[in-house]
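Asks: My structure file query-v1.cif, mmCIF, C-alpha atoms, is below:
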data_start
loop_
_atom_site.label_atom_id
_atom_site.label_comp_id
_atom_site.auth_asym_id
_atom_site.auth_seq_id
_atom_site.Cartn_x
_atom_site.Cartn_y
_atom_site.Cartn_z
CA MET H 1 -49.30 -34.42 -55.71
CA THR H 2 -47.38 -34.18 -58.96
CA HIS H 3 -50.11 -34.89 -61.47
CA SER H 4 -49.42 -33.84 -64.96
CA ILE H 5 -51.13 -30.64 -66.03
CA ALA H 6 -52.24 -32.27 -69.25
CA GLN H 7 -54.24 -34.93 -67.45
CA ASP H 8 -56.03 -32.35 -65.35
CA THR H 9 -56.93 -29.93 -68.09
CA LEU H 10 -57.57 -32.10 -71.15
CA PRO H 11 -60.99 -33.46 -70.19
CA GLN H 12 -62.30 -29.93 -69.82
CA ARG H 13 -61.71 -29.16 -73.49
CA SER H 14 -64.47 -29.66 -76.00
CA ALA H 15 -64.32 -32.83 -78.04
CA GLY H 16 -63.77 -30.93 -81.30
CA ALA H 17 -60.93 -28.90 -79.93
CA PHE H 18 -59.46 -31.97 -78.36
CA GLY H 19 -59.71 -33.88 -81.59
CA ARG H 20 -58.02 -31.11 -83.54
CA LEU H 21 -55.38 -30.80 -80.84
CA LEU H 22 -54.79 -34.53 -80.88
CA ALA H 23 -54.47 -34.55 -84.66
CA LEU H 24 -52.06 -31.64 -84.53
CA ALA H 25 -50.10 -33.25 -81.74
CA LEU H 26 -49.95 -36.54 -83.61
CA ALA H 27 -48.81 -34.80 -86.76
CA ALA H 28 -46.20 -32.89 -84.81
CA VAL H 29 -45.00 -36.06 -83.12
CA LEU H 30 -44.84 -37.84 -86.46
CA LEU H 31 -42.96 -35.04 -88.13
CA LEU H 32 -40.68 -34.61 -85.17
CA GLY H 33 -40.28 -38.35 -84.97
CA PHE H 34 -39.28 -38.58 -88.58
CA SER H 35 -36.75 -35.80 -88.41
CA LEU H 36 -35.42 -37.00 -85.08
CA ASN H 37 -35.18 -40.51 -86.37
CA ALA H 38 -33.47 -39.36 -89.51
CA ALA H 39 -31.01 -37.50 -87.31
CA ALA H 40 -30.71 -40.48 -85.01
CA ASP H 41 -30.06 -42.68 -88.00
CA LYS H 42 -27.20 -40.47 -89.04
CA ASN H 43 -25.96 -40.17 -85.48
CA ARG H 44 -25.81 -43.92 -85.28
CA THR H 45 -23.70 -44.31 -88.38
CA VAL H 46 -20.23 -45.62 -87.69
CA LYS H 47 -17.16 -45.17 -89.85
CA ASN H 48 -16.33 -48.87 -89.66
CA ASN H 49 -12.63 -48.25 -90.09
CA THR H 50 -11.17 -49.90 -86.99
CA ARG H 51 -8.46 -52.33 -87.95
CA THR H 52 -8.81 -55.83 -86.55
CA SER H 53 -5.55 -57.05 -88.06
CA VAL H 54 -2.15 -55.45 -88.08
CA ASN H 55 -1.71 -56.38 -91.70
CA LYS H 56 -3.93 -54.35 -93.93
CA ASN H 57 -4.75 -56.69 -96.74
CA THR H 58 -6.74 -54.22 -98.71
CA ASN H 59 -4.57 -52.66 -101.37
CA VAL H 60 -7.52 -50.98 -103.01
CA ASN H 61 -8.84 -47.72 -101.64
CA ASN H 62 -12.16 -47.80 -99.87
CA ASN H 63 -13.95 -46.75 -102.99
CA ARG H 64 -16.56 -49.39 -103.29
CA ASN H 65 -19.68 -47.71 -104.42
CA THR H 66 -22.66 -48.99 -102.52
CA ASN H 67 -25.02 -47.26 -104.87
CA VAL H 68 -25.61 -49.02 -108.14
CA ASN H 69 -26.76 -46.15 -110.31
CA VAL H 70 -24.87 -43.28 -108.80
CA ASN H 71 -23.86 -41.96 -112.22
CA SER H 72 -27.28 -42.00 -113.76
CA ASN H 73 -29.20 -40.01 -111.19
CA LYS H 74 -27.72 -37.28 -109.08
CA ASN H 75 -30.40 -37.53 -106.42
CA THR H 76 -29.93 -41.18 -105.63
CA ASN H 77 -27.66 -40.58 -102.68
CA VAL H 78 -30.21 -38.68 -100.66
CA ASN H 79 -30.69 -40.30 -97.27
CA VAL H 80 -28.89 -43.41 -98.32
CA ASN H 81 -26.13 -44.84 -96.21
CA ALA H 82 -23.53 -44.79 -98.94
CA ASN H 83 -19.74 -44.95 -98.64
CA ARG H 84 -19.92 -48.19 -96.74
CA HIS H 85 -20.79 -46.33 -93.60
CA VAL H 86 -22.51 -49.09 -91.79
CA ASP H 87 -25.20 -48.46 -89.28
CA VAL H 88 -24.55 -50.10 -85.93
CA ASP H 89 -27.98 -51.70 -86.19
CA VAL H 90 -26.99 -53.76 -89.19
CA ASP H 91 -28.85 -57.07 -89.30
CA VAL H 92 -30.25 -56.84 -85.86
CA ASP H 93 -32.49 -59.80 -85.76
CA ARG H 94 -32.76 -59.68 -82.02
CA GLY H 95 -35.84 -57.53 -81.84
CA PHE H 96 -34.04 -54.22 -82.00
CA HIS H 97 -35.77 -52.50 -84.88
CA PRO H 98 -35.36 -48.76 -84.68
CA VAL H 99 -38.17 -46.71 -86.18
CA ALA H 100 -35.40 -44.86 -87.98
CA ALA H 101 -35.15 -47.70 -90.44
CA VAL H 102 -38.80 -47.23 -91.38
CA ALA H 103 -38.35 -43.53 -91.92
CA THR H 104 -35.31 -44.12 -94.10
CA VAL H 105 -37.03 -46.76 -96.14
CA ALA H 106 -40.14 -44.65 -96.53
CA VAL H 107 -38.08 -41.80 -97.92
CA THR H 108 -35.91 -43.85 -100.25
CA ALA H 109 -38.22 -46.69 -101.18
CA ALA H 110 -38.64 -45.62 -104.78
CA VAL H 111 -34.99 -45.03 -105.52
CA ILE H 112 -33.81 -48.05 -107.41
CA GLY H 113 -30.23 -48.88 -106.66
CA SER H 114 -30.20 -47.31 -103.23
CA MET H 115 -29.19 -49.35 -100.23
CA THR H 116 -30.38 -49.78 -96.71
CA PRO H 117 -28.91 -51.83 -93.88
CA SER H 118 -32.31 -53.01 -92.69
CA LEU H 119 -35.76 -53.82 -94.01
CA PRO H 120 -39.03 -52.40 -92.71
CA PRO H 121 -39.86 -54.28 -89.52
CA SER H 122 -43.00 -55.84 -90.99
CA GLY H 123 -44.72 -56.53 -94.27
CA CYS H 124 -41.80 -58.13 -96.08
CA VAL H 125 -41.91 -61.54 -97.70
CA PRO H 126 -38.95 -63.44 -99.17
CA VAL H 127 -39.47 -64.28 -102.85
CA MET H 128 -37.28 -66.52 -104.99
CA VAL H 129 -37.07 -65.43 -108.62
CA GLY H 130 -35.00 -67.97 -110.51
CA ASN H 131 -32.03 -68.58 -108.30
CA VAL H 132 -32.02 -65.17 -106.71
CA MET H 133 -33.61 -64.22 -103.44
CA TYR H 134 -35.54 -60.99 -103.00
CA GLN H 135 -37.50 -59.39 -100.20
CA GLN H 136 -40.77 -57.84 -101.29
CA CYS H 137 -42.02 -55.17 -98.91
CA GLY H 138 -45.26 -53.83 -100.34
CA PRO H 139 -44.44 -52.24 -103.70
CA THR H 140 -40.70 -52.17 -103.03
CA TRP H 141 -38.34 -55.00 -103.88
CA TYR H 142 -35.00 -55.49 -102.22
CA GLN H 143 -32.12 -57.78 -103.10
CA PRO H 144 -29.96 -58.64 -100.08
CA GLN H 145 -26.22 -58.80 -100.58
CA TYR H 146 -23.06 -58.79 -98.51
CA VAL H 147 -20.95 -55.67 -98.55
CA GLY H 148 -17.91 -56.87 -96.66
CA THR H 149 -19.31 -58.42 -93.50
CA SER H 150 -22.56 -56.40 -93.61
CA VAL H 151 -25.86 -57.36 -95.16
CA GLN H 152 -27.23 -54.53 -97.30
CA TYR H 153 -30.55 -54.43 -99.12
CA VAL H 154 -30.48 -52.95 -102.61
CA VAL H 155 -33.72 -51.57 -103.98
CA VAL H 156 -34.44 -53.18 -107.34
CA ALA H 157 -37.10 -52.65 -109.96
CA PRO H 158 -40.28 -54.51 -109.02
CA LEU H 159 -40.22 -57.98 -110.53
CA ARG H 160 -43.97 -58.60 -110.45
CA MET O 1 42.06 -11.06 -43.80
CA SER O 2 42.83 -9.29 -47.04
CA ILE O 3 44.54 -12.34 -48.51
CA GLN O 4 41.74 -14.60 -47.52
CA THR O 5 39.19 -12.23 -48.92
CA THR O 6 41.10 -11.95 -52.16
CA ALA O 7 41.50 -15.66 -52.41
CA SER O 8 37.88 -16.39 -51.78
CA SER O 9 36.71 -13.62 -54.06
CA VAL O 10 38.87 -15.07 -56.80
CA LEU O 11 37.87 -18.64 -56.07
CA ARG O 12 34.16 -18.06 -55.91
CA PRO O 13 33.70 -16.56 -59.35
CA LEU O 14 36.03 -19.17 -60.70
CA SER O 15 34.12 -22.09 -59.27
CA PHE O 16 30.81 -20.61 -60.32
CA GLY O 17 32.13 -20.02 -63.79
CA SER O 18 33.51 -23.51 -64.09
CA LEU O 19 30.24 -24.93 -62.87
CA LEU O 20 28.39 -23.01 -65.54
CA ALA O 21 30.86 -24.15 -68.16
CA ALA O 22 30.60 -27.73 -67.03
CA ALA O 23 26.83 -27.53 -67.00
CA ALA O 24 26.83 -26.12 -70.52
CA LEU O 25 29.23 -28.78 -71.69
CA PHE O 26 27.06 -31.56 -70.29
CA ALA O 27 23.76 -30.06 -71.18
CA ALA O 28 24.45 -29.62 -74.87
CA PRO O 29 25.14 -33.27 -75.73
CA LEU O 30 22.40 -34.45 -73.37
CA ALA O 31 19.77 -32.31 -75.06
CA GLN O 32 20.99 -33.47 -78.43
CA ALA O 33 20.87 -37.11 -77.36
CA GLN O 34 17.30 -36.75 -76.12
CA VAL O 35 16.13 -35.21 -79.38
CA THR O 36 17.78 -37.97 -81.39
CA ALA O 37 16.25 -40.63 -79.18
CA SER O 38 12.72 -39.31 -79.57
CA GLU O 39 13.01 -38.77 -83.32
CA ALA O 40 14.73 -41.92 -84.45
CA PRO O 41 12.49 -44.98 -84.14
CA VAL O 42 14.03 -47.83 -82.22
CA ARG O 43 13.68 -51.16 -83.95
CA ASP O 44 14.92 -53.59 -81.35
CA ALA O 45 16.41 -56.58 -83.19
CA ALA O 46 15.62 -58.92 -80.28
CA VAL O 47 11.95 -57.89 -80.44
CA MET O 48 11.83 -58.48 -84.19
CA LYS O 49 13.43 -61.89 -83.66
CA ARG O 50 10.78 -62.81 -81.11
CA LEU O 51 8.03 -61.76 -83.54
CA GLU O 52 9.60 -63.99 -86.18
CA ASP O 53 9.57 -66.81 -83.61
CA VAL O 54 5.81 -66.24 -83.20
CA GLY O 55 5.31 -66.60 -86.97
CA SER O 56 7.43 -69.77 -87.17
CA PHE O 57 5.73 -71.30 -84.15
CA LEU O 58 2.24 -70.58 -85.48
CA ARG O 59 3.04 -71.95 -88.93
CA ALA O 60 4.48 -75.12 -87.36
CA GLN O 61 1.12 -75.97 -85.74
CA LYS O 62 -0.83 -78.47 -87.81
CA HIS O 63 -4.15 -78.44 -85.96
CA PHE O 64 -5.23 -75.97 -83.35
CA ALA O 65 -8.09 -73.93 -81.98
CA VAL O 66 -7.97 -70.45 -80.52
CA LYS O 67 -10.64 -68.37 -78.86
CA ALA O 68 -10.41 -64.60 -78.68
CA ASP O 69 -12.32 -62.31 -76.36
CA ALA O 70 -12.22 -58.94 -78.03
CA VAL O 71 -13.42 -55.38 -77.73
CA THR O 72 -13.66 -53.09 -80.74
CA ASP O 73 -14.08 -49.33 -80.80
CA GLU O 74 -16.43 -48.04 -83.46
CA VAL O 75 -16.22 -44.35 -84.28
CA LEU O 76 -19.42 -42.44 -85.02
CA LEU O 77 -19.34 -39.77 -87.71
CA SER O 78 -19.28 -37.23 -84.85
CA GLY O 79 -16.00 -38.74 -83.62
CA GLN O 80 -17.62 -40.29 -80.55
CA LYS O 81 -16.32 -43.76 -79.76
CA LEU O 82 -18.45 -46.77 -78.89
CA GLN O 83 -17.14 -50.06 -77.64
CA PHE O 84 -18.47 -53.45 -78.72
CA ALA O 85 -17.50 -56.79 -77.27
CA SER O 86 -17.15 -59.89 -79.40
CA THR O 87 -15.74 -63.37 -79.45
CA VAL O 88 -13.91 -65.08 -82.27
CA GLU O 89 -13.30 -68.81 -82.34
CA TYR O 90 -10.96 -70.33 -84.86
CA GLN O 91 -10.59 -73.99 -85.68
CA VAL O 92 -7.65 -74.64 -87.94
CA SER O 93 -6.11 -77.45 -89.94
CA SER O 94 -3.04 -76.04 -91.64
CA PRO O 95 -2.40 -74.97 -94.23
CA ASP O 96 -5.76 -74.56 -95.90
CA LYS O 97 -8.72 -75.32 -93.63
CA LEU O 98 -10.39 -72.83 -91.37
CA ARG O 99 -13.60 -72.40 -89.47
CA ALA O 100 -14.24 -69.09 -87.75
CA THR O 101 -17.16 -68.12 -85.56
CA VAL O 102 -17.53 -64.40 -84.90
CA ARG O 103 -20.13 -63.28 -82.38
CA SER O 104 -20.85 -59.71 -81.34
CA ASP O 105 -23.94 -57.90 -80.13
CA ARG O 106 -24.57 -56.54 -83.61
CA LYS O 107 -23.33 -59.28 -85.89
CA GLN O 108 -22.99 -63.03 -86.00
CA ARG O 109 -20.86 -64.46 -88.77
CA ASP O 110 -19.60 -67.95 -89.51
CA TYR O 111 -16.73 -68.55 -91.91
CA TYR O 112 -15.89 -71.81 -93.59
CA PHE O 113 -12.82 -72.35 -95.72
CA ASP O 114 -11.89 -75.77 -97.09
CA GLY O 115 -9.00 -74.82 -99.36
CA LYS O 116 -11.30 -74.17 -102.34
CA THR O 117 -14.32 -72.15 -101.23
CA LEU O 118 -14.81 -69.50 -98.59
CA THR O 119 -18.30 -69.09 -97.19
CA GLN O 120 -19.62 -66.26 -95.05
CA ALA O 121 -22.86 -67.13 -93.27
CA ALA O 122 -25.13 -64.98 -91.12
CA PRO O 123 -27.03 -67.48 -88.99
CA ARG O 124 -29.56 -65.00 -87.58
CA ASN O 125 -30.36 -63.52 -90.99
CA GLY O 126 -30.35 -66.80 -92.89
CA TYR O 127 -28.05 -65.52 -95.65
CA TYR O 128 -24.77 -66.94 -96.89
CA ALA O 129 -22.32 -66.16 -99.66
CA SER O 130 -19.68 -68.46 -101.09
CA VAL O 131 -16.74 -67.50 -103.26
CA PRO O 132 -14.10 -69.73 -104.88
CA LEU O 133 -10.70 -69.05 -103.29
CA PRO O 134 -8.03 -71.70 -103.73
CA GLY O 135 -4.94 -71.48 -101.54
CA THR O 136 -3.78 -71.35 -97.96
CA ILE O 137 -5.73 -69.71 -95.13
CA GLY O 138 -3.47 -66.65 -95.30
CA GLU O 139 -3.89 -66.36 -99.07
CA ALA O 140 -7.66 -66.69 -98.78
CA MET O 141 -7.81 -63.98 -96.12
CA THR O 142 -5.71 -61.65 -98.26
CA ALA O 143 -7.85 -62.38 -101.32
CA VAL O 144 -11.23 -61.74 -99.64
CA ALA O 145 -9.91 -58.53 -98.16
CA GLU O 146 -8.64 -57.33 -101.54
CA ARG O 147 -11.55 -58.45 -103.69
CA TYR O 148 -14.47 -58.04 -101.32
CA GLU O 149 -13.12 -55.83 -98.55
CA LEU O 150 -14.11 -58.54 -96.16
CA GLU O 151 -11.84 -58.40 -93.14
CA ILE O 152 -11.85 -61.44 -90.89
CA PRO O 153 -10.58 -60.42 -87.43
CA LEU O 154 -7.03 -61.31 -86.42
CA ALA O 155 -6.01 -62.38 -89.93
CA ASP O 156 -2.47 -61.79 -88.68
CA LEU O 157 -2.56 -65.15 -86.92
CA PHE O 158 -2.49 -66.72 -90.39
CA LEU O 159 -0.15 -64.21 -92.05
CA TRP O 160 2.72 -64.03 -89.56
CA GLY O 161 5.42 -66.44 -90.62
CA THR O 162 4.43 -66.16 -94.30
CA PRO O 163 5.72 -63.81 -97.02
CA LYS O 164 2.68 -61.60 -96.28
CA GLY O 165 3.60 -61.40 -92.58
CA GLY O 166 4.31 -57.71 -92.92
CA LEU O 167 7.07 -57.44 -90.30
CA ASP O 168 9.11 -55.37 -92.78
CA ASP O 169 6.57 -52.58 -92.31
CA VAL O 170 7.43 -52.26 -88.61
CA SER O 171 9.29 -49.00 -88.07
CA SER O 172 9.55 -49.11 -84.29
CA ALA O 173 9.76 -52.15 -82.01
CA LEU O 174 10.15 -51.95 -78.26
CA LEU O 175 10.21 -54.40 -75.39
CA VAL O 176 7.91 -52.83 -72.81
CA GLY O 177 8.59 -55.42 -70.14
CA PRO O 178 7.33 -58.54 -68.45
CA ALA O 179 3.60 -59.18 -68.09
CA ARG O 180 1.17 -61.87 -67.07
CA ILE O 181 -1.82 -62.73 -69.25
CA GLY O 182 -4.31 -65.19 -67.79
CA GLY O 183 -1.66 -66.32 -65.31
CA VAL O 184 0.91 -66.99 -68.05
CA GLU O 185 4.27 -65.22 -68.11
CA ALA O 186 4.63 -63.09 -71.21
CA ASP O 187 6.67 -60.30 -72.75
CA HIS O 188 4.90 -57.12 -73.73
CA PHE O 189 6.04 -55.60 -77.04
CA ALA O 190 5.03 -52.29 -78.64
CA LEU O 191 5.25 -51.78 -82.40
CA ARG O 192 4.59 -48.97 -84.81
CA GLN O 193 4.03 -49.01 -88.53
CA PRO O 194 2.12 -46.87 -91.05
CA GLY O 195 -1.57 -46.73 -90.10
CA VAL O 196 -1.29 -48.76 -86.88
CA ASP O 197 0.38 -48.86 -83.52
CA TRP O 198 0.13 -52.33 -82.08
CA GLN O 199 1.03 -54.24 -78.97
CA VAL O 200 1.47 -57.93 -78.55
CA TRP O 201 2.03 -60.05 -75.47
CA VAL O 202 4.03 -63.16 -76.34
CA GLU O 203 4.19 -66.20 -74.10
CA ARG O 204 7.64 -66.80 -72.66
CA GLY O 205 9.46 -70.03 -73.35
CA ALA O 206 9.15 -72.51 -76.18
CA ARG O 207 5.51 -71.75 -77.06
CA ALA O 208 5.89 -68.40 -78.83
CA LEU O 209 2.17 -67.67 -78.80
CA PRO O 210 0.50 -64.27 -78.90
CA LEU O 211 -1.64 -64.15 -75.74
CA LYS O 212 -3.00 -60.66 -76.28
CA VAL O 213 -3.06 -58.17 -79.16
CA VAL O 214 -4.04 -54.50 -79.13
CA ILE O 215 -4.30 -52.72 -82.48
CA THR O 216 -4.67 -48.94 -82.58
CA THR O 217 -5.81 -47.45 -85.88
CA THR O 218 -3.73 -44.29 -86.13
CA ASP O 219 -5.03 -42.86 -89.40
CA ASP O 220 -8.33 -41.97 -87.69
CA PRO O 221 -8.03 -38.99 -85.33
CA ALA O 222 -10.19 -40.86 -82.78
CA GLN O 223 -7.58 -43.68 -82.74
CA PRO O 224 -10.01 -46.57 -82.29
CA GLN O 225 -8.65 -49.77 -80.82
CA TYR O 226 -9.21 -53.46 -81.24
CA ALA O 227 -8.07 -55.53 -78.26
CA ALA O 228 -8.17 -59.32 -78.09
CA THR O 229 -7.09 -61.81 -75.45
CA LEU O 230 -6.36 -65.24 -76.90
CA LYS O 231 -6.79 -68.70 -75.40
CA TRP O 232 -4.95 -71.40 -77.31
CA ASP O 233 -5.69 -75.09 -77.64
CA LEU O 234 -2.81 -76.70 -79.51
CA LYS O 235 -4.21 -80.20 -79.00
CA ALA O 236 -7.51 -79.56 -80.77
CA SER O 237 -8.18 -81.69 -83.84
CA PRO O 238 -11.21 -80.31 -85.66
CA PRO O 239 -13.09 -82.83 -87.84
CA ALA O 240 -12.94 -82.38 -91.63
CA SER O 241 -16.67 -81.68 -91.66
CA ALA O 242 -16.08 -78.49 -89.64
CA PHE O 243 -14.67 -76.71 -92.68
CA THR O 244 -17.40 -77.28 -95.27
CA TYR O 245 -20.59 -75.29 -95.19
CA VAL O 246 -23.89 -77.09 -95.66
CA PRO O 247 -26.73 -74.58 -95.82
CA ALA O 248 -29.61 -75.38 -93.50
CA LYS O 249 -33.18 -75.40 -94.78
CA GLY O 250 -34.58 -71.91 -95.34
CA VAL O 251 -31.14 -70.36 -95.67
CA HIS O 252 -30.56 -68.36 -98.84
CA ARG O 253 -27.49 -67.70 -100.90
CA ILE O 254 -26.77 -64.07 -101.71
CA GLU O 255 -23.95 -62.31 -103.53
CA LEU O 256 -20.81 -60.90 -101.95
CA LYS O 257 -20.34 -57.52 -103.62
CA PRO O 258 -16.89 -57.16 -105.16
CA VAL O 259 -14.82 -54.03 -104.64
CA MET O 260 -15.02 -51.73 -107.64
CA ALA O 261 -11.76 -51.21 -109.48
CA ALA O 262 -10.09 -47.87 -108.79
CA LYS O 263 -10.72 -45.31 -111.50
#
Let me see whether you can do it: turn the structure in this file into structure tokens.
Replies:
Amino acid sequence: MTHSIAQDTLPQRSAGAFGRLLALALAAVLLLGFSLNAAADKNRTVKNNTRTSVNKNTNVNNNRNTNVNVNSNKNTNVNVNANRHVDVDVDVDRGFHPVAAVATVAVTAAVIGSMTPSLPPSGCVPVMVGNVMYQQCGPTWYQPQYVGTSVQYVVVAPLR
Amino acid sequence: MSIQTTASSVLRPLSFGSLLAAAALFAAPLAQAQVTASEAPVRDAAVMKRLEDVGSFLRAQKHFAVKADAVTDEVLLSGQKLQFASTVEYQVSSPDKLRATVRSDRKQRDYYFDGKTLTQAAPRNGYYASVPLPGTIGEAMTAVAERYELEIPLADLFLWGTPKGGLDDVSSALLVGPARIGGVEADHFALRQPGVDWQVWVERGARALPLKVVITTTDDPAQPQYAATLKWDLKASPPASAFTYVPAKGVHRIELKPVMAAK
């Protein structure tokens, strides 16, 4: 009784119109998905400032710069989780790979020195260069490192 | 009639007036006392003594293990609070050997400290980092926090009873009252100091052990909390091999990013 209107009406459209509609819809979904995911990514960012010890051992201010070349390029901070704001999805190797991570990586892939808490869900291979371990994801190379307790991936210049 | 009326008319205003006067006399010092009480922090010496007992008792233990069931609030940029559960297991050989296993839904971390090197390993990711850090467990925890901003939960357990114990920072210390944690009789204390309000439940009797700790971060308007219930095993004797990290096959060493010096 409660069939969706779309199911009932779609087959009656001409193939061309349907194709165009589908393409438009897909594009809209993709665009919407990207912006939503970007928003979701930001919404999921935690401050990571809850004390787990009474004694605060850190005498230094929280001024660790998570962006290597922040002084050389003013645009490097765009869409990068800087300021040690750690996404709650950090190193989720339990099958929880939000699409948001892909969107973020896609936007910032070329920015050398930027950081991301997670790699694209597929297409990455670990590569040892000398004694250092990298993750190569297509044309983009990442060097994993610990920032406090969190693993962060720094985009580096391609090594091959 | 007229005498009685006069007498009562004289008496009534008098008694009313004296009542008012008495009320005013009492009220003034009472109000003042209340203001003073709420403004001046109370630092109960008996509470501070009991906290020192906790430090001495902990530092007197040569080998022990403790397991904490904890919940941590994480604050989103919007101010919304999320709660995450975790467990922390410590195996300790005083003064300079520690193994810690931290498990939460989002992160798994293993820590190894053998008096010379501290290693942080992420078993699910296959990454580890090792840094040279000679000293006691408390010194190592202070050093990694300062140099790498790496906070290992409940570092206090290794700092109380040492010069870095931080009890001097406590501005207010109250005995809340008796409590029972996991069936064990305890005293509930409430403390305040810059940046944190904290509560600790200390086992009654000779074993001055913290059975529960709640830490409220007060410099965030959302006031996130970390709460841990502790189960102690003072008869544990961890093997020496527990404290040295041996990377498994396919596990890679990465760097632990140092904190940048303040400008």
Asks: Report, in Å with one decimal, the straight-line distance from CA of Val47 (chain O) to CA of Tyr90 (chain O).
Replies: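 Interatomic distance, CA of Val47 (chain O) to CA of Tyr90 (chain O): 26.4 Å.
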Asks: Here's the selection I'm unsure about, the PyMOL selection byres ((chain O) within 6 of (chain H)); applied to the file above, which residues does it give, as a ChimeraX atom specification?
Replies: /O:75-77,142,145-146,148-150,153-156,217,224,226,254-257,259-260
Asks: Name every residue that the PyMOL selection byres ((chain O and resi 170) around 10) selects in this structure, writing the answer as a compact mmCIF listing (two decimals) with C-alpha atoms, in the frame of the given file with chains first and numbers rising.
Replies:
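Now in selection_32.txt:
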# COMPACT_ATOMS: atom_id res chain seq x y z
CA PRO O 41 12.49 -44.98 -84.14
CA ARG O 43 13.68 -51.16 -83.95
CA MET O 48 11.83 -58.48 -84.19
CA GLY O 166 4.31 -57.71 -92.92
CA LEU O 167 7.07 -57.44 -90.30
CA ASP O 168 9.11 -55.37 -92.78
CA ASP O 169 6.57 -52.58 -92.31
CA SER O 171 9.29 -49.00 -88.07
CA SER O 172 9.55 -49.11 -84.29
CA ALA O 173 9.76 -52.15 -82.01
CA LEU O 191 5.25 -51.78 -82.40
CA ARG O 192 4.59 -48.97 -84.81
CA GLN O 193 4.03 -49.01 -88.53
CA PRO O 194 2.12 -46.87 -91.05
CA VAL O 196 -1.29 -48.76 -86.88
CA ASP O 197 0.38 -48.86 -83.52
CA TRP O 198 0.13 -52.33 -82.08
Asks: To one decimal in Å, tell me the separation between CA of Lys81 (chain O) and CA of Ala190 (chain O).
Replies: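 Value for the CA of Lys81 (chain O)-CA of Ala190 (chain O) distance: 23.0 Å.
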Asks: Calculate how many Å separate CA of Tyr142 (chain H) from CA of Arg160 (chain H), rounding to one decimal.
Replies: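 One can read the CA of Tyr142 (chain H) to CA of Arg160 (chain H) distance as 12.6 Å.
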Asks: Once the PyMOL selection byres ((chain O and resi 236) around 10) has been applied to the shown file, what residues remain in the selection, as number ranges by chain?
Replies: O: 62-66, 91-93, 232-235, 237-239
Asks: How would the residues just picked look written out with C-alpha atoms as an mmCIF file, in the coordinates of the input?
Replies:
data_model
loop_
_atom_site.group_PDB
_atom_site.id
_atom_site.type_symbol
_atom_site.label_atom_id
_atom_site.label_comp_id
_atom_site.auth_asym_id
_atom_site.auth_seq_id
_atom_site.Cartn_x
_atom_site.Cartn_y
_atom_site.Cartn_z
ATOM 1 C CA LYS O 62 -0.830 -78.470 -87.810
ATOM 2 C CA HIS O 63 -4.150 -78.440 -85.960
ATOM 3 C CA PHE O 64 -5.230 -75.970 -83.350
ATOM 4 C CA ALA O 65 -8.090 -73.930 -81.980
ATOM 5 C CA VAL O 66 -7.970 -70.450 -80.520
ATOM 6 C CA GLN O 91 -10.590 -73.990 -85.680
ATOM 7 C CA VAL O 92 -7.650 -74.640 -87.940
ATOM 8 C CA SER O 93 -6.110 -77.450 -89.940
ATOM 9 C CA TRP O 232 -4.950 -71.400 -77.310
ATOM 10 C CA ASP O 233 -5.690 -75.090 -77.640
ATOM 11 C CA LEU O 234 -2.810 -76.700 -79.510
ATOM 12 C CA LYS O 235 -4.210 -80.200 -79.000
ATOM 13 C CA SER O 237 -8.180 -81.690 -83.840
ATOM 14 C CA PRO O 238 -11.210 -80.310 -85.660
ATOM 15 C CA PRO O 239 -13.090 -82.830 -87.840
#
Asks: Identify which of the residues O:Ala228, O:Pro258, O:Val42, O:Arg180 lies closest to Ser86 (chain O), counting all atoms listed in the file when measuring atom-to-atom distances.
Replies: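 Checking each candidate against Ser86 (chain O), we get O:Ala228 as the closest.
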Asks: Can you pull out every residue within 8 Å of Cys124 (chain H), counting only C-alpha atoms, but drop anything in the same chain fewer than 3 positions away, and send it as a PDB file with C-alpha atoms, in the coordinates of the input?
Replies:
ATOM      1  CA  LEU H 119     -35.760 -53.820 -94.010  1.00  0.00           C
ATOM      2  CA  PRO H 120     -39.030 -52.400 -92.710  1.00  0.00           C
ATOM      3  CA  PRO H 121     -39.860 -54.280 -89.520  1.00  0.00           C
ATOM      4  CA  GLN H 135     -37.500 -59.390-100.200  1.00  0.00           C
ATOM      5  CA  GLN H 136     -40.770 -57.840-101.290  1.00  0.00           C
ATOM      6  CA  CYS H 137     -42.020 -55.170 -98.910  1.00  0.00           C
ATOM      7  CA  GLY H 138     -45.260 -53.830-100.340  1.00  0.00           C
TER       8      GLY H 138
END
Asks: Name the residues in contact with Leu157 (chain O) at a cut-off of 9 Å, using only C-alpha atoms, excluding same-chain residues fewer than 3 positions from it; report them as a PyMOL selection string.
Replies: (chain H and resi 53) or (chain O and resi 55+58+138+154+160-161+210)
Asks: Using only C-alpha atoms, please write the residues we just selected to a file, as a PDB file, in the frame of the given file.
Replies:
ATOM      1  CA  SER H  53      -5.550 -57.050 -88.060  1.00  0.00           C
TER       2      SER H  53
ATOM      3  CA  GLY O  55       5.310 -66.600 -86.970  1.00  0.00           C
ATOM      4  CA  LEU O  58       2.240 -70.580 -85.480  1.00  0.00           C
ATOM      5  CA  GLY O 138      -3.470 -66.650 -95.300  1.00  0.00           C
ATOM      6  CA  LEU O 154      -7.030 -61.310 -86.420  1.00  0.00           C
ATOM      7  CA  TRP O 160       2.720 -64.030 -89.560  1.00  0.00           C
ATOM      8  CA  GLY O 161       5.420 -66.440 -90.620  1.00  0.00           C
ATOM      9  CA  PRO O 210       0.500 -64.270 -78.900  1.00  0.00           C
TER      10      PRO O 210
END
Asks: May I ask which of the residues O:Thr72, O:Ser78, O:Asn125, O:Gln108 is the closest one to Arg253 (chain O), counting only C-alpha atoms?
Replies: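 Counting only C-alpha atoms, the residue closest to Arg253 (chain O) is O:Asn125.
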